[in-house]
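> What follows is final_25.cif, mmCIF, C-alpha atoms.
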```cif
data_upload
#
loop_
_atom_site.label_atom_id
_atom_site.label_comp_id
_atom_site.auth_asym_id
_atom_site.auth_seq_id
_atom_site.Cartn_x
_atom_site.Cartn_y
_atom_site.Cartn_z
CA MET A 53 105.61 83.88 93.82
CA SER A 54 105.33 84.33 97.58
CA ASP A 55 106.24 80.77 98.57
CA THR A 56 109.22 80.50 96.26
CA PHE A 57 110.46 84.03 96.95
CA TRP A 58 110.79 83.55 100.72
CA ASN A 59 111.90 79.91 100.56
CA ARG A 60 115.48 80.88 99.70
CA SER A 61 118.61 81.80 101.63
CA PRO A 62 118.47 84.99 103.71
CA ASP A 63 121.27 86.45 101.55
CA ARG A 64 119.22 86.03 98.35
CA VAL A 65 115.98 87.28 99.91
CA ALA A 66 117.72 90.32 101.45
CA SER A 67 119.31 91.23 98.14
CA ASP A 68 116.07 90.84 96.15
CA LEU A 69 113.99 92.82 98.67
CA ARG A 70 116.04 95.95 97.99
CA GLY A 71 114.04 98.15 95.62
CA MET A 72 110.74 96.36 96.25
CA VAL A 73 107.69 98.18 97.57
CA MET A 74 106.29 96.91 100.86
CA ARG A 75 102.74 97.93 101.79
CA VAL A 76 101.86 98.12 105.48
CA GLY A 77 98.30 99.32 105.95
CA ARG A 78 97.98 102.36 103.69
CA ILE A 79 101.70 103.12 103.58
CA ASP A 80 103.93 102.06 100.69
CA ALA A 81 107.64 101.88 101.53
CA VAL A 82 110.49 101.26 99.12
CA ILE A 83 113.02 98.96 100.79
CA LEU A 84 116.52 100.43 100.56
CA LYS A 85 118.67 98.43 103.01
CA THR A 86 118.34 94.94 104.46
CA ASP A 87 120.47 92.67 106.62
CA PRO A 88 120.39 88.87 106.25
CA TYR A 89 120.87 86.59 109.25
CA LYS A 90 121.30 82.82 109.22
CA ASN A 91 119.86 80.74 112.06
CA GLN A 92 123.26 79.24 112.87
CA ASP A 93 124.72 82.76 113.27
CA ASP A 94 122.09 83.84 115.81
CA THR A 95 124.34 83.38 118.84
CA ARG A 96 122.54 86.08 120.88
CA GLY A 97 119.13 84.48 120.28
CA LEU A 98 117.62 87.71 118.96
CA TYR A 99 115.65 85.86 116.28
CA SER A 100 115.13 82.54 118.09
CA SER A 101 111.35 83.04 118.04
CA LEU A 102 111.56 83.06 114.22
CA HIS A 103 113.60 79.92 113.75
CA ASP A 104 110.48 77.75 113.40
CA MET A 105 108.32 80.24 111.51
CA GLN A 106 107.39 79.64 107.90
CA PRO A 107 109.26 81.55 105.19
CA GLY A 108 107.31 84.72 104.39
CA SER A 109 106.20 85.24 107.97
CA VAL A 110 107.01 88.56 109.58
CA TYR A 111 107.73 89.30 113.22
CA PHE A 112 108.23 92.58 115.07
CA PRO A 113 110.46 91.92 118.10
CA ARG A 114 111.00 94.73 120.57
CA PHE A 115 114.67 95.64 120.81
CA MET A 116 115.63 98.26 123.37
CA ARG A 117 112.94 100.96 122.88
CA SER A 118 112.07 100.20 119.26
CA CYS A 119 110.45 97.47 117.23
CA LEU A 120 112.23 95.77 114.37
CA MET A 121 110.74 94.29 111.20
CA VAL A 122 112.08 90.80 110.52
CA PHE A 123 111.01 88.46 107.73
CA ALA A 124 111.53 84.72 107.91
CA ALA A 125 113.44 83.13 105.04
CA LYS A 126 114.66 79.58 104.56
CA ASP A 127 117.05 78.85 107.46
CA GLY A 128 117.23 82.49 108.55
CA GLN A 129 115.77 85.96 108.67
CA VAL A 130 115.99 89.33 106.96
CA LEU A 131 115.95 92.60 108.90
CA ILE A 132 114.54 95.68 107.16
CA ARG A 133 117.01 98.46 107.94
CA THR A 134 116.10 101.45 105.74
CA VAL A 135 113.04 102.45 103.68
CA GLU A 136 111.85 105.42 101.67
CA ILE A 137 108.31 106.69 102.15
CA ASP A 138 106.92 109.58 100.10
CA GLY A 139 110.44 110.65 99.11
CA LYS A 140 111.79 110.69 102.67
CA VAL A 141 114.38 108.15 103.85
CA PHE A 142 113.98 106.48 107.24
CA ASP A 143 117.38 105.06 108.12
CA GLY A 144 117.30 102.55 110.93
CA PRO A 145 115.04 99.64 111.86
CA GLY A 146 113.36 101.54 114.71
CA LYS A 147 112.69 104.63 112.59
CA THR A 148 111.28 102.38 109.85
CA THR A 149 108.78 100.62 112.09
CA SER A 150 107.86 103.85 113.87
CA ARG A 151 107.03 105.57 110.56
CA LEU A 152 104.97 102.53 109.53
CA GLY A 153 102.96 102.90 112.75
CA ILE A 154 104.32 99.75 114.36
CA ASN A 155 105.16 100.37 117.99
CA GLN A 156 103.98 97.21 119.72
CA GLY A 157 106.51 94.41 120.03
CA ARG A 158 105.81 90.74 119.35
CA LEU A 159 103.35 91.43 116.54
CA ARG A 160 103.36 88.87 113.78
CA GLY A 161 102.01 88.60 110.29
CA THR A 162 102.39 87.18 106.82
CA THR A 163 103.19 88.53 103.40
CA ARG A 164 101.20 88.52 100.20
CA PHE A 165 102.53 89.53 96.79
CA LEU A 166 100.13 91.83 94.98
CA GLU A 167 102.19 92.17 91.81
CA ASP A 168 105.81 91.93 90.73
CA GLY A 169 107.86 94.15 93.04
CA LEU A 170 104.96 94.91 95.44
CA PHE A 171 103.93 92.93 98.50
CA GLU A 172 101.87 93.68 101.56
CA VAL A 173 102.35 92.80 105.19
CA VAL A 174 99.17 91.36 106.71
CA MET A 175 99.10 91.66 110.51
CA GLU A 176 97.80 88.66 112.41
CA GLY A 177 98.20 89.59 116.07
CA VAL A 178 100.67 89.04 118.87
CA LEU A 179 103.03 86.06 118.82
CA GLN A 180 102.22 83.73 121.70
CA GLN A 181 105.17 82.26 123.56
#
```
How would this structure read if it were set down as structure tokens?

Amino acid sequence: MSDTFWNRSPDRVASDLRGMVMRVGRIDAVILKTDPYKNQDDTRGLYSSLHDMQPGSVYFPRFMRSCLMVFAAKDGQVLIRTVEIDGKVFDGPGKTTSRLGINQGRLRGTTRFLEDGLFEVVMEGVLQQ
């Protein structure tokens, strides 16, 4: 499922991620809000380091004082905006990554589906430029 799930438009991936459970380390987070971005709309270059990454890859760029969680989709990316962890809502990309224990920018990883509606983020290290 992993290859076909991510190899779709950012709009479709963003929509289907809502309600899924994402596991990062020992933390399970229900995804509540996402934002899709298409490569051609990335005029500021915020996601330029993701343009060549394989669908299903994840990248944590540093933006201002926070890290963001961005998944690569076909021809674009999906930003995780809001999650729920243990009944508490973390609204905002920086609050989300902070609660997940991600505070170092330029980390990268991949995804692996464990079952329908549950996937994990597997960290692989720092993205080399």
> Once the PyMOL selection byres ((chain A and resi 80-93) around 9) is applied to the coordinates I shared, what remains selected? I want it as number ranges by chain.
A: 61-67, 69-79, 94-96, 99-100, 102-103, 125-138, 141, 143, 152, 170, 172
> Any chance you could work out the residue set of the PyMOL selection byres ((chain A and resi 108) around 10) here, as a ChimeraX atom specification?
/A:54-59,105-107,109-111,122-126,129,161-164,173
> So the first atom is CA of Thr148 (chain A) and the second is CA of Val174 (chain A); what is the distance between them in Å, to one decimal place?
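So the two atoms, CA of Thr148 (chain A) and CA of Val174 (chain A), lie 16.7 Å apart.
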> Please, what distance in Å, to one decimal, runs between CA of Met175 (chain A) and CA of Asp68 (chain A)?
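Going from CA of Met175 (chain A) over to CA of Asp68 (chain A) covers 22.2 Å.
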> Work out how far apart CA of Glu167 (chain A) and CA of Arg60 (chain A) are and give it in Å to one decimal.
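Straight-line distance from CA of Glu167 (chain A) to CA of Arg60 (chain A) works out to 19.1 Å.
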